[in-house]
Each structure stands twice: as structure tokens, then as C-alpha cells.
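K.L.:
A single structure is presented below for examination.
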Amino acid sequence: MKRLIFCVVAVLLTTTLRAGDFDTYFNARTLRLDYVMAGNAEHQIIALDELSIVDGWWGRRNNLDSVPHRGNGEVRVVEKESGKVLYRNAFSTLFQEWLSIPEAKSVTKSFEATFLVPEPKKASDIEVVMYDIKGCVTASLRHTYSPDDVLVRKLSAEKPTPHKYLHRGGKSEECIDVAIIAEGYRIDEMGRFEEDAQKACSALLSYEPFASYADRFNIVAVFSPSQDSDVSVPQDNLWRTTAVNSNFMTFYTERYLTTNSLHQTHDVLTGIPYEHLIILANTATYGGGGIYNFYTLTTTRHPAFKPVVVHEFGHSFGGLGDEYFYDDPAATGYAEDMYSLDYEPWEPNITSLVDFGSKWRDMLPEGTAIPTEPTAERAKSYAIGVYEGGGYMTKGMYRPAVTCRMRDNVATQFCPVCQAALERVIKHQTF
């Protein structure tokens with residue numbers, strides 16, 4: 001019973017801090033938190049690697065102690081005297097995704113994670129928690145940050161990696177700052193990178209709700225050079241030295257392209273305003289990934305580059321789930337217990353109907369059948385319904401539209417439910 005209560009409390013924390021409270025509790029500097037997450041399917045730990053400070057805070061200054069989506073974990077800044085949560089942010093990690101595959105039952109591994117929070121003016125506790133698919137805490141770490149700690153590294157912002165703004169909606173303090181990082185581009189290929197970064201920027205801002213809120217975004221291209229062109233492709237025995245060490249064959253899945261060098265990735269960005277990361281890989285091999293409040297990583301020389309980067313940003317920025325599904329769940333490579341349907345997934349655009357009231361029930365037209373028949377007419381109109389198949393599962397999981405940017409590359413837009421979820425994140429970070 002205690003475990004059940006812990007799950008509920010972890011989800012239902014409420015908002016009390018507003019925009020004016022930022023200057024009361026925080027300096028306009030960033031506290032960078034580097035961790036190592038390690039373990040296996042049975043036991044996980046979070047270990048502190050290093051704390052560092054850099055001038056400037058580019059994250060939100062309002063809605064400080066609330067999150068728009070639960071995610072698979074949270075980082076919190078907690079006032080020592082009162083225990084009041086001063087700042088919260090949700091996240092998911094590559095480590096937690098790895099825990100869902102069969103390998104995690106027989107091997108212990110470690111993964112890097114980096115989180116950014118505003119620097120507290122007074123000594124404060126930092127808490128990091130990870131959740132399982134049902135929202136129960138599986139691991140946590142609590143440690144103290146003190147402004148006078150001599151071992152907190154001061155990172156210099158005087159000579160940042162060369163960068164160029166592709167889109168400016170306004171001041172960094174008021175906008176959502178997205179950094180697009182070069183991966184697998186040699187110095188002599190930076191012209192191509194700038195063209196690819198501009199394509200990614202234009203693609204994102206062509207979709208709603210990003211188009212309507214373009215004045216709330218700043219997008220900057222970061223010219224991080226690699227020694228080698230292209231990225232590592234282990235299935236072809238090709239290992240290359242690149243800016244952030246990305247590689248295919250993540251979890252032994254050919255098209256899954258990720259990096260575990262999170263600390264190095266954030267080093268590249270020191271001194272540049274950023275909140276969200278898009279890593280562009282200079283390769284024609286199809287693949288990529290997107291992890292909530294972690295990063296987007298995708299390839300630029302594949303024909304599907306533009307729709308894929310938008311799809312993956314839907315994951316990393318908006319916390320959206322995949323709406324596609326497989327006839328054979330074993331083909332996904334995930335553990336069988338991932339497909340238990342006695343829980344409501346936290347992603348806003350898929351539902352098991354366990355708690356459909358927390359999803360898009362209020363957006364359903366009156367009289368809509370549950371489940372809804374996926375007709376060709378409904379596909380063309382992006383009509384909201386409850387269509388079976390989503391979150392990799394053919395049965396028992398449902399999506400809000402027949403087609404959507406989160407389901408397939410031919411979709412020309414996000415469905416209305418995904419648009420509403422993305423708009424909620426934009427407003428949470430800027431209003």
C-alpha cells in the first residue's frame with residue numbers, strides 16, 4: 001500500500017510558484033547537473049558525477065514547480081528549510097528505455113544524463129527521481145548544492161562553439177531556445193550543415209502549433225566539427241570519431257541512432273543559450289531517435305529527413321508517444337512486460353483507456369464510438385477518435401487519429417490532440 005501512495009504523490013504535486021518568484025529564489029545562472037545512471041532490470045541507481053555553473057539561465061521563469069507531462073522522471077530543486085519544491089522538470093532517458101529490453105535482465109550498464117536547472121541563491125537540495133511505466137519511483141538521489149562549494153566547476157562562456165541564429169522569435173529569457181548541433185560534419189562540411197540545419201528549422205516551423213508560436217522560439221545552429229565525416233555504423237564495422245560520438249545499432253536495433261556522450265554534448269553548448277537539443281547526423285543511413293527533454297537525433301541525407309526530424313522533436317519537446325504499432329510485439333525488441341495494459345501511459349496522445357479522462361476525452365465529438373472505426377474519410381480529415389493500435393501495440397492501446405505526424409512520414413501535420421499537447425508545453429514554458 002505504501003508503494004501505491006508513493007506513485008500517486010509523485011504524479012499529483014501542484015503549482016504554487018509564479019514568474020515573480022524566480023528572482024526571489026534563483027540567480028540568472030545555470031546549474032548543470034551531470035549524472036551517471038546505472039543498473040539493470042532489477043535494480044537501478046543514480047550517481048552524481050559533477051556540478052558546474054555557467055552564466056545565464058535560458059529556461060522558463062514561470063510555472064517553476066509544475067510540469068506539463070509526467071515523463072519517466074523528474075529533477076527538482078528543493079528549499080532546505082521548508083522542503084518546498086522551487087523548480088521541477090520532467091524527463092525521460094536512454095537508460096530507462098534500455099531497461100525495457102531483454103538485455104537489461106542479464107547485464108548491468110551505465111548511461112550518462114545531464115540536466116539544467118536555475119542556480120539557487122541559497123544552499124538547496126537537488127532531487128532526481130526515476131519512474132517506471134506506472135509512475136512508481138524506481139530510483140532516486142538527493143544531494144545538496146551550496147553556492148560556496150569550491151568543487152563546483154565554473155564553466156567559461158567566453159569562447160563558445162561557433163554558432164549562428166537561424167530564427168529569432170525574441171529575447172532568450174522570454175523564448176524557447178533550441179540548439180541544432182552538427183554531428184559527423186568535418187570543418188570543410190559546415191556549409192552543408194548550415195543548409196541542413198536551416199531545413200530542419202524551416203520544417204519545424206511549418207507545422208502547427210510551432211508555426212503559430214514561431215515568435216516564442218529561437219533556433220541556433222551550432223557548428224561543432226567532427227574529425228570524421230558521417231557517423232558510426234557498427235553493423236557495417238564503421239567506427240568514426242565525431243563531435244558527440246553517436247552510433248547506430250542502439251540496443252542492437254539497426255536504425256536506432258543515439259549518443260550516450262551527454263556530458264560531452266553539453267560541453268559543446270557551453271556559453272550558448274539552449275533548452276532543447278536537436279543533433280543532426282551527416283549520414284544517409286536512415287534512423288534517429290527522440291527522448292523527452294533529452295535530445296532529438298536524426299539523419300540529414302535520407303529522403304525522409306524533414307518529416308523525421310519533426311516527428312522526433314515531437315518526442316523530445318512535446319513528450320508525444322509513437323502512434324504506430326506492430327503486428328508482432330516481439331519485433332520491437334522490448335520486454336514482454338512493457339505491454340502490460342493495467343496502466344495509463346503518461347504520453348498525452350496514446351491511451352490504454354485505464355484513465356481516458358486524463359487524455360483527449362474532452363476533445364471527442366459527441367457520439368463518437370469507442371473504439372472508433374478508422375475510415376479513409378477520417379484519415380483525410382484528421383478526425384479525432386479512439387483508434388486501436390498505438391504505442392507499438394496492435395491491441396489494447398489507442399491513438400487519437402487515423403494518421404498523424406507521430407504515426408507515419410506521409411502525414412502532413414500533427415493530429416489535433418498532438419497539436420494541443422505541444423501547445424500546452426509551449427505555453428507552460430513561455431506564458
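Each chain in the C-alpha cells gets a letter, A, B and so on, in the order shown; residues start at 1 in every chain, and ligands are counted from 1 in the order they appear.
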Run DSSP on the backbone and tell me which residues of stretch 205-326 of chain A come out as strand (DSSP E or B); list them as a PDB file with N, CA and C atoms, in the first residue's frame.
P.N.:
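Just written: out.pdb:
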ATOM      1  N   PHE A 217      10.053  31.050 -30.199  1.00  0.00           N
ATOM      2  CA  PHE A 217      11.202  30.166 -30.376  1.00  0.00           C
ATOM      3  C   PHE A 217      12.403  30.927 -30.910  1.00  0.00           C
ATOM      4  N   ASN A 218      13.570  30.552 -30.405  1.00  0.00           N
ATOM      5  CA  ASN A 218      14.846  30.907 -31.013  1.00  0.00           C
ATOM      6  C   ASN A 218      15.527  29.601 -31.406  1.00  0.00           C
ATOM      7  N   ILE A 219      16.048  29.532 -32.617  1.00  0.00           N
ATOM      8  CA  ILE A 219      16.703  28.310 -33.092  1.00  0.00           C
ATOM      9  C   ILE A 219      18.099  28.675 -33.585  1.00  0.00           C
ATOM     10  N   VAL A 220      19.118  28.028 -33.002  1.00  0.00           N
ATOM     11  CA  VAL A 220      20.503  28.364 -33.294  1.00  0.00           C
ATOM     12  C   VAL A 220      21.238  27.134 -33.809  1.00  0.00           C
ATOM     13  N   ALA A 221      22.016  27.302 -34.863  1.00  0.00           N
ATOM     14  CA  ALA A 221      22.854  26.234 -35.415  1.00  0.00           C
ATOM     15  C   ALA A 221      24.228  26.305 -34.746  1.00  0.00           C
ATOM     16  N   VAL A 222      24.712  25.157 -34.260  1.00  0.00           N
ATOM     17  CA  VAL A 222      25.982  25.089 -33.542  1.00  0.00           C
ATOM     18  C   VAL A 222      26.967  24.284 -34.390  1.00  0.00           C
ATOM     19  N   SER A 232      29.139   6.676 -36.751  1.00  0.00           N
ATOM     20  CA  SER A 232      29.480   5.272 -36.579  1.00  0.00           C
ATOM     21  C   SER A 232      28.312   4.368 -36.943  1.00  0.00           C
ATOM     22  N   VAL A 233      28.628   3.345 -37.754  1.00  0.00           N
ATOM     23  CA  VAL A 233      27.627   2.370 -38.191  1.00  0.00           C
ATOM     24  C   VAL A 233      28.166   0.984 -37.824  1.00  0.00           C
ATOM     25  N   LEU A 238      31.904   0.183 -39.070  1.00  0.00           N
ATOM     26  CA  LEU A 238      32.420   1.524 -39.309  1.00  0.00           C
ATOM     27  C   LEU A 238      32.323   2.340 -38.022  1.00  0.00           C
ATOM     28  N   ASN A 247      26.070   6.694 -32.626  1.00  0.00           N
ATOM     29  CA  ASN A 247      26.192   5.457 -33.395  1.00  0.00           C
ATOM     30  C   ASN A 247      24.841   4.792 -33.587  1.00  0.00           C
ATOM     31  N   TYR A 256      18.314   2.555 -34.973  1.00  0.00           N
ATOM     32  CA  TYR A 256      18.251   3.393 -33.782  1.00  0.00           C
ATOM     33  C   TYR A 256      19.600   4.078 -33.586  1.00  0.00           C
ATOM     34  N   THR A 258      21.707   6.928 -31.568  1.00  0.00           N
ATOM     35  CA  THR A 258      21.717   7.720 -30.335  1.00  0.00           C
ATOM     36  C   THR A 258      23.161   8.026 -29.942  1.00  0.00           C
ATOM     37  N   HIS A 276      16.531  23.015 -25.481  1.00  0.00           N
ATOM     38  CA  HIS A 276      16.232  21.764 -26.187  1.00  0.00           C
ATOM     39  C   HIS A 276      17.291  21.509 -27.246  1.00  0.00           C
ATOM     40  N   LEU A 277      17.589  20.221 -27.491  1.00  0.00           N
ATOM     41  CA  LEU A 277      18.679  19.836 -28.369  1.00  0.00           C
ATOM     42  C   LEU A 277      18.180  19.042 -29.566  1.00  0.00           C
ATOM     43  N   ILE A 278      18.664  19.421 -30.739  1.00  0.00           N
ATOM     44  CA  ILE A 278      18.488  18.628 -31.948  1.00  0.00           C
ATOM     45  C   ILE A 278      19.883  18.351 -32.495  1.00  0.00           C
ATOM     46  N   ILE A 279      20.233  17.082 -32.619  1.00  0.00           N
ATOM     47  CA  ILE A 279      21.527  16.686 -33.152  1.00  0.00           C
ATOM     48  C   ILE A 279      21.312  16.173 -34.565  1.00  0.00           C
ATOM     49  N   LEU A 280      21.967  16.802 -35.537  1.00  0.00           N
ATOM     50  CA  LEU A 280      21.832  16.400 -36.932  1.00  0.00           C
ATOM     51  C   LEU A 280      23.049  15.586 -37.339  1.00  0.00           C
ATOM     52  N   ALA A 281      22.806  14.343 -37.761  1.00  0.00           N
ATOM     53  CA  ALA A 281      23.873  13.435 -38.145  1.00  0.00           C
ATOM     54  C   ALA A 281      24.047  13.440 -39.664  1.00  0.00           C
ATOM     55  N   GLY A 288      17.419   7.404 -36.243  1.00  0.00           N
ATOM     56  CA  GLY A 288      17.393   8.511 -35.298  1.00  0.00           C
ATOM     57  C   GLY A 288      16.646   8.138 -34.044  1.00  0.00           C
ATOM     58  N   GLY A 289      16.291   9.145 -33.253  1.00  0.00           N
ATOM     59  CA  GLY A 289      15.552   8.933 -32.026  1.00  0.00           C
ATOM     60  C   GLY A 289      15.205  10.260 -31.385  1.00  0.00           C
ATOM     61  N   GLY A 290      14.219  10.225 -30.493  1.00  0.00           N
ATOM     62  CA  GLY A 290      13.835  11.416 -29.749  1.00  0.00           C
ATOM     63  C   GLY A 290      13.418  11.018 -28.350  1.00  0.00           C
ATOM     64  N   ILE A 291      13.980  11.645 -27.328  1.00  0.00           N
ATOM     65  CA  ILE A 291      13.733  11.296 -25.933  1.00  0.00           C
ATOM     66  C   ILE A 291      13.329  12.559 -25.195  1.00  0.00           C
ATOM     67  N   TYR A 295      17.049  14.747 -25.937  1.00  0.00           N
ATOM     68  CA  TYR A 295      17.509  15.255 -27.226  1.00  0.00           C
ATOM     69  C   TYR A 295      16.739  14.599 -28.358  1.00  0.00           C
ATOM     70  N   THR A 296      16.808  15.258 -29.527  1.00  0.00           N
ATOM     71  CA  THR A 296      16.426  14.671 -30.811  1.00  0.00           C
ATOM     72  C   THR A 296      17.709  14.393 -31.571  1.00  0.00           C
ATOM     73  N   LEU A 297      17.784  13.233 -32.229  1.00  0.00           N
ATOM     74  CA  LEU A 297      18.934  12.915 -33.067  1.00  0.00           C
ATOM     75  C   LEU A 297      18.407  12.282 -34.341  1.00  0.00           C
ATOM     76  N   THR A 298      18.745  12.857 -35.490  1.00  0.00           N
ATOM     77  CA  THR A 298      18.256  12.289 -36.737  1.00  0.00           C
ATOM     78  C   THR A 298      19.248  12.535 -37.864  1.00  0.00           C
ATOM     79  N   THR A 299      19.046  11.829 -38.975  1.00  0.00           N
ATOM     80  CA  THR A 299      19.975  11.880 -40.096  1.00  0.00           C
ATOM     81  C   THR A 299      19.509  12.884 -41.136  1.00  0.00           C
ATOM     82  N   PHE A 325       2.326   0.929 -34.747  1.00  0.00           N
ATOM     83  CA  PHE A 325       2.216  -0.328 -34.000  1.00  0.00           C
ATOM     84  C   PHE A 325       2.687  -1.477 -34.868  1.00  0.00           C
ATOM     85  N   TYR A 326       2.952  -2.601 -34.201  1.00  0.00           N
ATOM     86  CA  TYR A 326       3.459  -3.789 -34.877  1.00  0.00           C
ATOM     87  C   TYR A 326       2.496  -4.956 -34.684  1.00  0.00           C
TER      88      TYR A 326
END
K.L.:
Using only C-alpha atoms, which protein or nucleic acid residues come within 9 Å of A:Leu320? Drop anything in the same chain fewer than 6 positions from it, and give the result as a list in words.
P.N.:
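The residues that qualify are Tyr292, Phe313, Gly314, Glu347, Pro348, Asn349, Ile350, Met406, Cys418, Ala421 and Leu422 of chain A.
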K.L.:
Dump as a tab-separated table the rows for residues of stretch 139-257 of chain A within 12 Å of stretch 65-76 of chain A: closest atom pair and distance in Å with one decimal, only C-alpha atoms counted, ordered by chain and rising residue number.
P.N.:
residue	atom	partner	partner_atom	distance
A:Ala139	CA	A:Gly73	CA	9.4
A:Ser140	CA	A:Gly73	CA	9.3
A:Leu141	CA	A:Val75	CA	9.6
A:Arg142	CA	A:Arg76	CA	9.4
A:His143	CA	A:Arg76	CA	10.8
A:Thr144	CA	A:Arg76	CA	11.5
A:Tyr145	CA	A:Arg76	CA	11.8
K.L.:
Nearest residue to A:Gln44 out of A:Ile426, A:Leu269, A:Met130, A:Leu86, using only C-alpha atoms?
P.N.:
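Selected residue with least distance to A:Gln44: A:Met130.
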K.L.:
Nearest to A:Lys380 among A:Ser124, A:Thr412, A:Asn293, A:Thr368, with distances taken over only C-alpha atoms: which residue is it?
P.N.:
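Answer, going by the shortest atom-to-atom distance: A:Thr412.
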K.L.:
To test your reading of the structure, identify every residue in stretch 73-134 of chain A that backbone DSSP assigns to helix (DSSP H, G or I), and report it as a ChimeraX atom specification.
P.N.:
/A:94-98,102-105
K.L.:
Nearest to A:His311 among A:Ala379, A:Val410, A:Ile126, A:Leu99, with distances taken over only C-alpha atoms: which residue is it?
P.N.:
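The closest residue to A:His311 is A:Val410.
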K.L.:
For the atom pair atom CA of A:Asp177 and atom CA of A:Arg216, what is the interatomic distance in Å to one decimal place?
P.N.:
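According to the coordinates, atom CA of A:Asp177 and atom CA of A:Arg216 are separated by 8.8 Å.
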K.L.:
For A:Ala304, which residue out of A:Asp230, A:Asp327, A:Asp408, A:Asp362 is the nearest one, using only C-alpha atoms?
P.N.:
A:Asp408
K.L.:
How many Å lie between atom CA of A:Phe22 and atom CA of A:Pro118, rounded to one decimal?
P.N.:
8.9 Å
K.L.:
Residues of stretch 187-267 of chain A within 10 Å of stretch 155-161 of chain A: nearest atom pair and distance (Å, one decimal) for each, counting only C-alpha atoms, sorted by chain and number, as JSON lines?
P.N.:
{"residue": "A:Val222", "atom": "CA", "partner": "A:Thr161", "partner_atom": "CA", "distance": 6.6}
{"residue": "A:Phe223", "atom": "CA", "partner": "A:Thr161", "partner_atom": "CA", "distance": 6.6}
{"residue": "A:Ser224", "atom": "CA", "partner": "A:Thr161", "partner_atom": "CA", "distance": 6.5}
{"residue": "A:Pro225", "atom": "CA", "partner": "A:Thr161", "partner_atom": "CA", "distance": 9.2}
{"residue": "A:Asp267", "atom": "CA", "partner": "A:Leu155", "partner_atom": "CA", "distance": 9.1}
K.L.:
Residues within 10 Å of A:Lys105, please, as a list in words. Count only C-alpha atoms; anything in the same chain fewer than 5 positions from it doesn't count.
P.N.:
Gly39, Asn40, Ala41, Glu42, His43, Leu99, Ser100 and Ala335 of chain A
K.L.:
Tell me, in Å to one decimal, how far atom CA of A:Lys154 is from atom CA of A:Gly271.
P.N.:
11.5 Å
